[in-house]
$ cat query.csv   # CSV, C-alpha atoms and all ligand atoms
chain,number,residue,atom,x,y,z
A,283,MET,CA,81.8,-166.5,98.0
A,284,GLU,CA,81.6,-170.3,98.3
A,285,LEU,CA,80.9,-172.7,95.4
A,286,VAL,CA,77.3,-173.2,96.6
A,287,GLU,CA,76.6,-169.5,96.3
A,288,PHE,CA,78.3,-169.4,92.9
A,289,LYS,CA,76.1,-172.2,91.7
A,290,SER,CA,73.0,-170.4,92.9
A,291,ILE,CA,73.7,-167.5,90.4
A,292,ASN,CA,71.8,-167.6,87.1
A,293,TRP,CA,74.4,-168.6,84.6
A,294,ASN,CA,71.9,-169.4,81.8
A,295,LYS,CA,73.3,-166.9,79.3
A,296,HIS,CA,76.9,-168.0,79.9
A,297,ILE,CA,75.8,-171.6,79.4
A,298,VAL,CA,74.2,-170.7,76.1
A,299,LEU,CA,77.4,-169.1,75.0
A,300,LEU,CA,79.6,-171.9,76.3
A,301,LYS,CA,77.6,-174.5,74.3
A,302,GLN,CA,77.9,-172.4,71.2
A,303,ALA,CA,81.6,-172.0,71.8
A,304,GLN,CA,82.0,-175.7,72.2
A,305,GLU,CA,80.2,-176.3,68.8
A,306,LEU,CA,82.7,-173.8,67.3
A,307,GLY,CA,85.6,-175.6,68.9
A,308,PHE,CA,86.6,-172.5,71.0
A,309,VAL,CA,86.1,-174.3,74.4
A,310,GLY,CA,86.9,-177.8,75.5
A,311,ALA,CA,84.2,-180.5,75.1
A,312,SER,CA,83.8,-181.3,78.9
A,313,ASP,CA,80.6,-180.5,80.9
A,314,VAL,CA,80.0,-176.7,80.7
A,315,ASN,CA,79.5,-176.6,84.5
A,316,ARG,CA,83.2,-177.7,84.9
A,317,HIS,CA,84.2,-174.7,82.8
A,318,LEU,CA,82.1,-172.4,85.0
A,319,GLU,CA,83.6,-173.9,88.1
A,320,SER,CA,87.1,-173.6,86.8
A,321,SER,CA,86.5,-169.9,86.3
A,322,PHE,CA,85.1,-169.7,89.8
A,323,LEU,CA,88.4,-171.0,91.1
A,324,PHE,CA,90.2,-168.1,89.3
A,325,TYR,CA,87.8,-165.8,91.1
A,326,GLN,CA,88.7,-167.4,94.4
A,327,CYS,CA,92.4,-166.9,93.7
A,328,ILE,CA,91.9,-163.3,92.7
A,329,LYS,CA,90.0,-162.7,96.0
A,330,ARG,CA,92.7,-164.5,98.0
A,331,PHE,CA,95.8,-163.2,96.4
A,332,GLY,CA,94.8,-160.0,94.6
A,333,GLY,CA,94.5,-157.8,97.7
A,334,GLU,CA,97.7,-155.9,97.9
A,335,GLY,CA,97.8,-154.7,94.3
A,336,GLY,CA,94.0,-154.2,94.1
A,337,ILE,CA,91.7,-155.6,91.4
A,338,ASN,CA,90.7,-152.5,89.4
A,339,THR,CA,92.0,-153.9,86.2
A,340,LEU,CA,92.5,-157.4,84.9
A,341,MET,CA,93.8,-158.9,81.7
A,342,ASP,CA,93.1,-162.5,80.6
A,343,ILE,CA,95.3,-163.8,77.8
A,344,GLY,CA,94.3,-166.4,75.3
A,345,SER,CA,90.7,-166.0,76.3
A,346,GLY,CA,89.3,-168.4,73.6
A,347,GLY,CA,85.6,-168.8,74.2
A,348,GLY,CA,85.7,-166.5,77.3
A,349,ILE,CA,86.9,-168.8,80.1
A,350,PRO,CA,87.6,-167.6,82.6
A,351,GLY,CA,87.3,-163.9,81.6
A,352,LEU,CA,83.6,-163.7,80.9
A,353,VAL,CA,82.6,-165.6,84.1
A,354,ILE,CA,84.9,-163.4,86.3
A,355,ALA,CA,83.4,-160.3,84.6
A,356,LYS,CA,80.0,-161.2,86.0
A,357,LEU,CA,81.4,-161.6,89.5
A,358,LEU,CA,83.7,-158.6,89.5
A,359,LYS,CA,81.4,-155.9,88.2
A,360,HIS,CA,83.8,-153.0,89.1
A,361,THR,CA,86.9,-154.5,87.5
A,362,LYS,CA,87.8,-153.3,84.0
A,363,ILE,CA,88.7,-156.5,82.1
A,364,LEU,CA,90.7,-156.9,78.9
A,365,LEU,CA,90.5,-160.2,77.0
A,366,ILE,CA,93.5,-160.7,74.7
A,367,GLU,CA,92.9,-163.2,71.9
A,368,SER,CA,95.0,-163.6,68.8
A,369,SER,CA,92.4,-165.6,66.7
A,370,LYS,CA,90.1,-163.3,64.7
A,371,LYS,CA,87.2,-165.7,64.9
A,372,ARG,CA,87.5,-166.1,68.6
A,373,SER,CA,88.0,-162.4,69.3
A,374,SER,CA,84.9,-161.5,67.3
A,375,TYR,CA,83.0,-164.2,69.1
A,376,LEU,CA,84.1,-162.7,72.4
A,377,ASN,CA,82.9,-159.2,71.3
A,378,SER,CA,79.4,-160.5,70.5
A,379,SER,CA,79.4,-162.5,73.7
A,380,ILE,CA,80.2,-159.3,75.7
A,381,SER,CA,77.2,-157.5,74.0
A,382,TYR,CA,74.9,-160.5,74.6
A,383,LEU,CA,75.9,-160.6,78.3
A,384,GLY,CA,75.5,-156.8,78.7
A,385,LEU,CA,79.1,-156.4,79.9
A,386,SER,CA,80.3,-153.8,77.4
A,387,SER,CA,80.9,-151.1,80.0
A,388,SER,CA,83.5,-153.3,81.9
A,389,VAL,CA,84.9,-155.8,79.4
A,390,SER,CA,86.7,-155.2,76.1
A,391,VAL,CA,88.7,-157.3,73.6
A,392,PHE,CA,92.1,-156.8,72.1
A,393,ALA,CA,92.1,-158.9,68.8
A,394,GLY,CA,95.7,-159.8,68.5
A,395,SER,CA,98.5,-161.5,70.3
A,396,VAL,CA,99.7,-160.5,73.7
A,397,GLN,CA,103.1,-159.7,72.0
A,398,THR,CA,101.4,-157.2,69.7
A,399,TYR,CA,99.4,-155.7,72.6
A,400,LYS,CA,102.7,-155.1,74.6
A,401,SER,CA,104.4,-153.5,71.6
A,402,LYS,CA,101.4,-151.1,71.1
A,403,PHE,CA,100.7,-150.3,74.7
A,404,ALA,CA,104.1,-150.7,76.3
A,405,GLU,CA,103.3,-148.6,79.3
A,406,THR,CA,99.9,-150.2,80.2
A,407,ARG,CA,99.8,-152.3,83.3
A,408,PHE,CA,97.0,-154.4,85.0
A,409,ASN,CA,96.5,-155.4,88.6
A,410,VAL,CA,95.7,-159.0,87.8
A,411,GLY,CA,96.6,-161.3,84.9
A,412,THR,CA,95.0,-164.6,84.2
A,413,ALA,CA,95.8,-167.4,81.8
A,414,ARG,CA,93.9,-170.7,81.5
A,415,LEU,CA,95.4,-173.4,79.2
A,416,PHE,CA,97.2,-170.6,77.3
A,417,GLY,CA,100.3,-172.8,76.9
A,418,SER,CA,103.1,-174.0,79.1
A,419,LEU,CA,103.7,-172.4,82.5
A,420,PRO,CA,106.9,-170.6,81.3
A,421,ALA,CA,105.1,-169.3,78.2
A,422,SER,CA,102.1,-168.1,80.2
A,423,LEU,CA,104.3,-166.4,82.8
A,424,GLU,CA,106.5,-164.7,80.2
A,425,CYS,CA,103.4,-163.3,78.4
A,426,LEU,CA,101.6,-162.1,81.5
A,427,ALA,CA,104.2,-160.8,83.9
A,428,PRO,CA,105.5,-157.9,81.8
A,429,LEU,CA,102.0,-156.4,81.7
A,430,ILE,CA,101.3,-156.6,85.4
A,431,ALA,CA,101.6,-153.6,87.7
A,432,ASP,CA,103.8,-153.5,90.8
A,433,LYS,CA,102.3,-155.7,93.6
A,434,GLY,CA,99.9,-157.2,91.0
A,435,THR,CA,99.0,-160.8,90.8
A,436,VAL,CA,99.6,-163.4,88.1
A,437,ILE,CA,97.3,-166.5,88.1
A,438,ILE,CA,98.0,-169.3,85.8
A,439,SER,CA,96.1,-172.6,85.5
A,440,ALA,CA,97.9,-175.3,83.6
A,441,HIS,CA,97.5,-179.0,83.0
A,442,GLY,CA,98.7,-181.3,85.6
A,443,SER,CA,101.0,-180.5,88.6
A,444,ASP,CA,104.1,-179.5,86.7
A,445,GLU,CA,107.0,-179.6,89.0
A,446,ILE,CA,109.5,-176.8,88.6
A,447,ILE,CA,113.1,-177.8,88.7
A,448,LYS,CA,114.2,-175.3,91.3
A,449,ASN,CA,117.4,-174.3,89.6
A,450,ARG,CA,119.1,-171.2,88.5
A,451,SER,CA,116.9,-171.0,85.3
A,452,PHE,CA,113.8,-170.6,87.5
A,453,ASP,CA,115.4,-167.9,89.7
A,454,TYR,CA,116.7,-166.2,86.6
A,455,ALA,CA,113.2,-166.2,84.9
A,456,LEU,CA,111.6,-164.7,88.0
A,457,SER,CA,114.2,-161.9,88.2
A,458,GLU,CA,113.9,-161.2,84.4
A,459,LEU,CA,110.1,-161.1,84.6
A,460,GLY,CA,110.0,-159.1,87.9
A,461,VAL,CA,107.9,-161.6,89.8
A,462,ASP,CA,108.1,-163.6,93.0
A,463,PHE,CA,106.7,-167.1,93.1
A,464,VAL,CA,103.9,-167.1,95.8
A,465,GLU,CA,102.5,-170.6,95.7
A,466,LYS,CA,101.2,-173.5,93.7
A,467,THR,CA,97.8,-174.4,94.9
A,468,LYS,CA,95.3,-177.1,94.1
A,469,PHE,CA,91.6,-176.4,94.0
A,470,GLN,CA,89.6,-179.6,93.2
A,471,ASN,CA,91.7,-181.1,90.4
A,472,HIS,CA,93.0,-177.8,89.0
A,473,TRP,CA,96.5,-176.5,89.7
A,474,PHE,CA,96.9,-172.7,90.0
A,475,TRP,CA,100.3,-171.0,90.0
A,476,ILE,CA,100.4,-167.7,91.8
A,477,PHE,CA,103.1,-165.0,91.3
A,478,LYS,CA,103.4,-161.5,92.6
A,479,LYS,CA,104.9,-158.6,90.6
A,480,VAL,CA,107.8,-157.0,92.5
A,481,HIS,CA,109.6,-155.0,89.8
A,482,GLU,CA,109.5,-154.2,86.1
A,483,ALA,CA,110.2,-157.0,83.7
A,484,ASP,CA,113.1,-156.6,81.3
A,485,LYS,CA,111.7,-154.7,78.2
A,486,LYS,CA,112.4,-157.6,75.8
A,487,TYR,CA,109.6,-159.7,77.2
A,488,PRO,CA,107.4,-161.3,76.1
A,489,ARG,CA,109.5,-162.6,73.2
A,490,THR,CA,108.0,-164.1,70.1
A,491,LYS,CA,106.0,-167.3,70.2
A,492,ARG,CA,108.8,-169.1,68.5
A,493,GLU,CA,111.5,-167.9,70.9
A,494,ILE,CA,109.4,-168.8,73.9
A,495,LYS,CA,108.9,-172.3,72.5
A,496,THR,CA,112.5,-173.0,71.5
A,497,ASP,CA,114.2,-171.3,74.4
A,498,PRO,CA,111.8,-171.3,77.4
A,499,LEU,CA,112.9,-169.2,80.3
A,500,PHE,CA,112.8,-172.1,82.7
A,501,GLU,CA,112.4,-175.9,82.6
A,502,ILE,CA,109.6,-177.9,84.1
A,503,VAL,CA,108.9,-181.5,84.6
A,504,ARG,CA,105.6,-182.6,83.2
A,505,ASN,CA,103.6,-184.6,85.7
A,506,ILE,CA,100.1,-185.2,84.2
A,507,GLU,CA,97.8,-186.6,86.8
A,601,LIG,C1,93.6,-173.6,74.5
A,601,LIG,S1,92.9,-172.0,74.3
A,601,LIG,C2,92.3,-171.7,75.9
A,601,LIG,C3,91.1,-170.8,75.8
A,601,LIG,C4,90.5,-170.4,77.2
A,601,LIG,N1,91.4,-169.7,78.0
A,601,LIG,C5,90.0,-171.7,77.9
A,601,LIG,O1,90.5,-172.0,78.9
A,601,LIG,O2,89.1,-172.3,77.4
A,601,LIG,C6,94.3,-170.9,74.0
A,601,LIG,C7,93.9,-169.6,73.3
A,601,LIG,O3,95.0,-168.8,73.3
A,601,LIG,C8,95.0,-168.0,72.1
A,601,LIG,N2,96.4,-167.6,71.9
A,601,LIG,C9,97.5,-168.4,71.6
A,601,LIG,N3,98.6,-167.6,71.5
A,601,LIG,C10,98.2,-166.4,71.8
A,601,LIG,C11,99.0,-165.1,72.0
A,601,LIG,N4,100.3,-165.1,71.8
A,601,LIG,N5,98.3,-164.0,72.3
A,601,LIG,C12,96.9,-164.1,72.5
A,601,LIG,N6,96.2,-165.2,72.4
A,601,LIG,C13,96.8,-166.3,72.0
A,601,LIG,C14,94.5,-169.1,71.1
A,601,LIG,O4,94.0,-168.5,69.9
A,601,LIG,C15,93.4,-169.8,71.9
A,601,LIG,O5,92.2,-169.2,71.7
$ encode --input "query.csv" --output "structure tokens" --more "lines below"
Ligand SMILES: C[S@@+](CC[C@H](N)C(=O)[O-])C[C@H]1O[C@@H](n2cnc3c(N)ncnc32)[C@H](O)[C@@H]1O
Amino acid sequence: MELVEFKSINWNKHIVLLKQAQELGFVGASDVNRHLESSFLFYQCIKRFGGEGGINTLMDIGSGGGIPGLVIAKLLKHTKILLIESSKKRSSYLNSSISYLGLSSSVSVFAGSVQTYKSKFAETRFNVGTARLFGSLPASLECLAPLIADKGTVIISAHGSDEIIKNRSFDYALSELGVDFVEKTKFQNHWFWIFKKVHEADKKYPRTKREIKTDPLFEIVRNIE
């Protein structure tokens, strides 16, 4: 699907929800069409990189007002999607949005942190994991990778074109989390980081929010454009 076709889909219900979410402060204040298009870029990444591991199941962490999860859900009707959101207000907003959009058969919400989810459902794995503006690249990767199935795909969109210092800490992080770095790709002005799951992550991941913040698994150089 190209952007023109994406734009020809009726997104009115999503736009209503996005505007409400903006008023509630759950979604950034920029033009709602930009949020839709950013979600479309996730969809393109899933189509391009998600082949080998399949796309039967997808988890989106830190879903906030539903970007990109609720947009992807309309495009991937046969994919079971779990939105993980730690804020009570946002997770209950997500639940009512799912009903409003008629997506209850394919989308559900875990109201809690990704760390809590992992401790409760330690054996569950997803084919695809997405995170948009969840936090730093190391934090997003540490929270997603342990819950992704073998050959599955991790897609992270972060601010700017962070440059990884290609040092031992990055190689160590990849081996601890069981992923290979596939590529960093730029769609319009969004950077997407793609990783492929190649073996199980060490059981201790993801660590607590505080540990991740004070002792990130690898260093990056911030290069805001
Ligand atoms: C900046 S918002 C991004 C929301 C959405 N993905 C977007 O792009 O508009 C980050 C979201 O992550 C949630 N969050 C932060 N830490 C989390 C955690 N450990 N587990 C699950 N959700 C978390 C916050 O409550 C917030 O809604």
$ residues_around --input "query.csv" --residues "Phe463 in chain A" --least-positions-apart "4" --cutoff "12 Å" --atoms "only C-alpha atoms" --output "PyMOL selection string"
chain A and resi 423+427+435-438+446+448+452-457+459+467+474-480
$ residues_near_ligand --input "query.csv" --ligand "ligand LIG 601 (chain A)" --cutoff "7 Å" --atoms "only C-alpha atoms and all ligand atoms" --output "PDB file with C-alpha atoms, in the frame of the given file"
ATOM      1  CA  PHE A 308      86.600-172.500  71.000  1.00  0.00           C
ATOM      2  CA  VAL A 309      86.100-174.300  74.400  1.00  0.00           C
ATOM      3  CA  GLY A 310      86.900-177.800  75.500  1.00  0.00           C
ATOM      4  CA  ILE A 343      95.300-163.800  77.800  1.00  0.00           C
ATOM      5  CA  GLY A 344      94.300-166.400  75.300  1.00  0.00           C
ATOM      6  CA  SER A 345      90.700-166.000  76.300  1.00  0.00           C
ATOM      7  CA  GLY A 346      89.300-168.400  73.600  1.00  0.00           C
ATOM      8  CA  GLY A 347      85.600-168.800  74.200  1.00  0.00           C
ATOM      9  CA  GLY A 348      85.700-166.500  77.300  1.00  0.00           C
ATOM     10  CA  ILE A 349      86.900-168.800  80.100  1.00  0.00           C
ATOM     11  CA  PRO A 350      87.600-167.600  82.600  1.00  0.00           C
ATOM     12  CA  ILE A 366      93.500-160.700  74.700  1.00  0.00           C
ATOM     13  CA  GLU A 367      92.900-163.200  71.900  1.00  0.00           C
ATOM     14  CA  SER A 368      95.000-163.600  68.800  1.00  0.00           C
ATOM     15  CA  SER A 369      92.400-165.600  66.700  1.00  0.00           C
ATOM     16  CA  ARG A 372      87.500-166.100  68.600  1.00  0.00           C
ATOM     17  CA  GLY A 394      95.700-159.800  68.500  1.00  0.00           C
ATOM     18  CA  SER A 395      98.500-161.500  70.300  1.00  0.00           C
ATOM     19  CA  VAL A 396      99.700-160.500  73.700  1.00  0.00           C
ATOM     20  CA  GLN A 397     103.100-159.700  72.000  1.00  0.00           C
ATOM     21  CA  ALA A 413      95.800-167.400  81.800  1.00  0.00           C
ATOM     22  CA  ARG A 414      93.900-170.700  81.500  1.00  0.00           C
ATOM     23  CA  LEU A 415      95.400-173.400  79.200  1.00  0.00           C
ATOM     24  CA  PHE A 416      97.200-170.600  77.300  1.00  0.00           C
ATOM     25  CA  GLY A 417     100.300-172.800  76.900  1.00  0.00           C
ATOM     26  CA  LYS A 491     106.000-167.300  70.200  1.00  0.00           C
TER      27      LYS A 491
END
$ atom_distance --input "query.csv" --atom1 "CA of Val391 in chain A" --atom2 "CA of Phe469 in chain A"
28.1 Å
$ closest_residue --input "query.csv" --among "A:Ile337, A:Lys466, A:Leu318, A:His296" --to "Tyr382 in chain A" --atoms "only C-alpha atoms"
A:His296
$ closest_residue --input "query.csv" --among "A:Lys301, A:Lys362, A:Lys495, A:Lys468" --to "Ser418 in chain A" --atoms "only C-alpha atoms"
A:Lys495
$ build_atoms --input "query.csv" --residues "range 449-475 of chain A" --atoms "N, CA, C and O atoms" --output "PDB file, in the frame of the given file"
ATOM      1  N   ASN A 449     115.962-174.545  89.921  1.00  0.00           N
ATOM      2  CA  ASN A 449     117.400-174.300  89.600  1.00  0.00           C
ATOM      3  C   ASN A 449     117.565-172.851  89.232  1.00  0.00           C
ATOM      4  O   ASN A 449     116.662-172.029  89.374  1.00  0.00           O
ATOM      5  N   ARG A 450     118.753-172.556  88.751  1.00  0.00           N
ATOM      6  CA  ARG A 450     119.100-171.200  88.500  1.00  0.00           C
ATOM      7  C   ARG A 450     118.158-170.618  87.363  1.00  0.00           C
ATOM      8  O   ARG A 450     117.857-169.436  87.325  1.00  0.00           O
ATOM      9  N   SER A 451     117.735-171.490  86.435  1.00  0.00           N
ATOM     10  CA  SER A 451     116.900-171.000  85.300  1.00  0.00           C
ATOM     11  C   SER A 451     115.592-170.427  85.859  1.00  0.00           C
ATOM     12  O   SER A 451     115.083-169.443  85.346  1.00  0.00           O
ATOM     13  N   PHE A 452     115.039-171.055  86.897  1.00  0.00           N
ATOM     14  CA  PHE A 452     113.800-170.600  87.500  1.00  0.00           C
ATOM     15  C   PHE A 452     114.012-169.227  88.169  1.00  0.00           C
ATOM     16  O   PHE A 452     113.276-168.258  87.956  1.00  0.00           O
ATOM     17  N   ASP A 453     115.062-169.150  88.984  1.00  0.00           N
ATOM     18  CA  ASP A 453     115.400-167.900  89.700  1.00  0.00           C
ATOM     19  C   ASP A 453     115.663-166.779  88.666  1.00  0.00           C
ATOM     20  O   ASP A 453     115.231-165.636  88.827  1.00  0.00           O
ATOM     21  N   TYR A 454     116.384-167.138  87.606  1.00  0.00           N
ATOM     22  CA  TYR A 454     116.700-166.200  86.600  1.00  0.00           C
ATOM     23  C   TYR A 454     115.423-165.661  85.904  1.00  0.00           C
ATOM     24  O   TYR A 454     115.229-164.453  85.707  1.00  0.00           O
ATOM     25  N   ALA A 455     114.515-166.601  85.568  1.00  0.00           N
ATOM     26  CA  ALA A 455     113.200-166.200  84.900  1.00  0.00           C
ATOM     27  C   ALA A 455     112.462-165.265  85.810  1.00  0.00           C
ATOM     28  O   ALA A 455     111.945-164.249  85.331  1.00  0.00           O
ATOM     29  N   LEU A 456     112.395-165.564  87.104  1.00  0.00           N
ATOM     30  CA  LEU A 456     111.600-164.700  88.000  1.00  0.00           C
ATOM     31  C   LEU A 456     112.227-163.300  88.033  1.00  0.00           C
ATOM     32  O   LEU A 456     111.507-162.297  87.990  1.00  0.00           O
ATOM     33  N   SER A 457     113.568-163.225  88.080  1.00  0.00           N
ATOM     34  CA  SER A 457     114.200-161.900  88.200  1.00  0.00           C
ATOM     35  C   SER A 457     114.025-161.153  86.820  1.00  0.00           C
ATOM     36  O   SER A 457     113.770-159.949  86.801  1.00  0.00           O
ATOM     37  N   GLU A 458     114.125-161.859  85.702  1.00  0.00           N
ATOM     38  CA  GLU A 458     113.900-161.200  84.400  1.00  0.00           C
ATOM     39  C   GLU A 458     112.497-160.678  84.251  1.00  0.00           C
ATOM     40  O   GLU A 458     112.263-159.632  83.663  1.00  0.00           O
ATOM     41  N   LEU A 459     111.540-161.440  84.773  1.00  0.00           N
ATOM     42  CA  LEU A 459     110.100-161.100  84.600  1.00  0.00           C
ATOM     43  C   LEU A 459     109.600-160.208  85.746  1.00  0.00           C
ATOM     44  O   LEU A 459     108.459-159.742  85.702  1.00  0.00           O
ATOM     45  N   GLY A 460     110.419-160.027  86.783  1.00  0.00           N
ATOM     46  CA  GLY A 460     110.000-159.100  87.900  1.00  0.00           C
ATOM     47  C   GLY A 460     108.959-159.706  88.792  1.00  0.00           C
ATOM     48  O   GLY A 460     108.135-158.952  89.321  1.00  0.00           O
ATOM     49  N   VAL A 461     108.945-161.026  88.966  1.00  0.00           N
ATOM     50  CA  VAL A 461     107.900-161.600  89.800  1.00  0.00           C
ATOM     51  C   VAL A 461     108.555-162.506  90.918  1.00  0.00           C
ATOM     52  O   VAL A 461     109.651-163.027  90.745  1.00  0.00           O
ATOM     53  N   ASP A 462     107.817-162.646  92.015  1.00  0.00           N
ATOM     54  CA  ASP A 462     108.100-163.600  93.000  1.00  0.00           C
ATOM     55  C   ASP A 462     107.127-164.774  92.895  1.00  0.00           C
ATOM     56  O   ASP A 462     105.949-164.519  92.609  1.00  0.00           O
ATOM     57  N   PHE A 463     107.597-165.999  93.122  1.00  0.00           N
ATOM     58  CA  PHE A 463     106.700-167.100  93.100  1.00  0.00           C
ATOM     59  C   PHE A 463     105.980-167.145  94.498  1.00  0.00           C
ATOM     60  O   PHE A 463     106.646-167.100  95.538  1.00  0.00           O
ATOM     61  N   VAL A 464     104.673-167.154  94.517  1.00  0.00           N
ATOM     62  CA  VAL A 464     103.900-167.100  95.800  1.00  0.00           C
ATOM     63  C   VAL A 464     103.575-168.544  96.220  1.00  0.00           C
ATOM     64  O   VAL A 464     103.970-169.012  97.272  1.00  0.00           O
ATOM     65  N   GLU A 465     102.816-169.231  95.391  1.00  0.00           N
ATOM     66  CA  GLU A 465     102.500-170.600  95.700  1.00  0.00           C
ATOM     67  C   GLU A 465     101.835-171.335  94.536  1.00  0.00           C
ATOM     68  O   GLU A 465     101.362-170.709  93.585  1.00  0.00           O
ATOM     69  N   LYS A 466     101.870-172.639  94.648  1.00  0.00           N
ATOM     70  CA  LYS A 466     101.200-173.500  93.700  1.00  0.00           C
ATOM     71  C   LYS A 466     100.067-174.128  94.505  1.00  0.00           C
ATOM     72  O   LYS A 466     100.314-174.710  95.550  1.00  0.00           O
ATOM     73  N   THR A 467      98.840-173.935  94.059  1.00  0.00           N
ATOM     74  CA  THR A 467      97.800-174.400  94.900  1.00  0.00           C
ATOM     75  C   THR A 467      96.780-175.232  94.129  1.00  0.00           C
ATOM     76  O   THR A 467      96.577-175.000  92.944  1.00  0.00           O
ATOM     77  N   LYS A 468      96.227-176.203  94.775  1.00  0.00           N
ATOM     78  CA  LYS A 468      95.300-177.100  94.100  1.00  0.00           C
ATOM     79  C   LYS A 468      93.900-176.888  94.582  1.00  0.00           C
ATOM     80  O   LYS A 468      93.642-176.957  95.781  1.00  0.00           O
ATOM     81  N   PHE A 469      93.001-176.529  93.657  1.00  0.00           N
ATOM     82  CA  PHE A 469      91.600-176.400  94.000  1.00  0.00           C
ATOM     83  C   PHE A 469      90.911-177.540  93.189  1.00  0.00           C
ATOM     84  O   PHE A 469      91.007-177.561  91.953  1.00  0.00           O
ATOM     85  N   GLN A 470      90.211-178.410  93.873  1.00  0.00           N
ATOM     86  CA  GLN A 470      89.600-179.600  93.200  1.00  0.00           C
ATOM     87  C   GLN A 470      90.770-180.243  92.404  1.00  0.00           C
ATOM     88  O   GLN A 470      91.823-180.485  92.942  1.00  0.00           O
ATOM     89  N   ASN A 471      90.577-180.478  91.099  1.00  0.00           N
ATOM     90  CA  ASN A 471      91.700-181.100  90.400  1.00  0.00           C
ATOM     91  C   ASN A 471      92.433-180.113  89.469  1.00  0.00           C
ATOM     92  O   ASN A 471      93.045-180.495  88.494  1.00  0.00           O
ATOM     93  N   HIS A 472      92.327-178.817  89.784  1.00  0.00           N
ATOM     94  CA  HIS A 472      93.000-177.800  89.000  1.00  0.00           C
ATOM     95  C   HIS A 472      94.202-177.253  89.774  1.00  0.00           C
ATOM     96  O   HIS A 472      94.070-176.926  90.943  1.00  0.00           O
ATOM     97  N   TRP A 473      95.330-177.108  89.098  1.00  0.00           N
ATOM     98  CA  TRP A 473      96.500-176.500  89.700  1.00  0.00           C
ATOM     99  C   TRP A 473      96.572-175.032  89.310  1.00  0.00           C
ATOM    100  O   TRP A 473      96.448-174.705  88.134  1.00  0.00           O
ATOM    101  N   PHE A 474      96.791-174.173  90.281  1.00  0.00           N
ATOM    102  CA  PHE A 474      96.900-172.700  90.000  1.00  0.00           C
ATOM    103  C   PHE A 474      98.291-172.287  90.519  1.00  0.00           C
ATOM    104  O   PHE A 474      98.687-172.605  91.639  1.00  0.00           O
ATOM    105  N   TRP A 475      98.972-171.544  89.673  1.00  0.00           N
ATOM    106  CA  TRP A 475     100.300-171.000  90.000  1.00  0.00           C
ATOM    107  C   TRP A 475     100.112-169.503  90.253  1.00  0.00           C
ATOM    108  O   TRP A 475      99.577-168.791  89.397  1.00  0.00           O
TER     109      TRP A 475
END
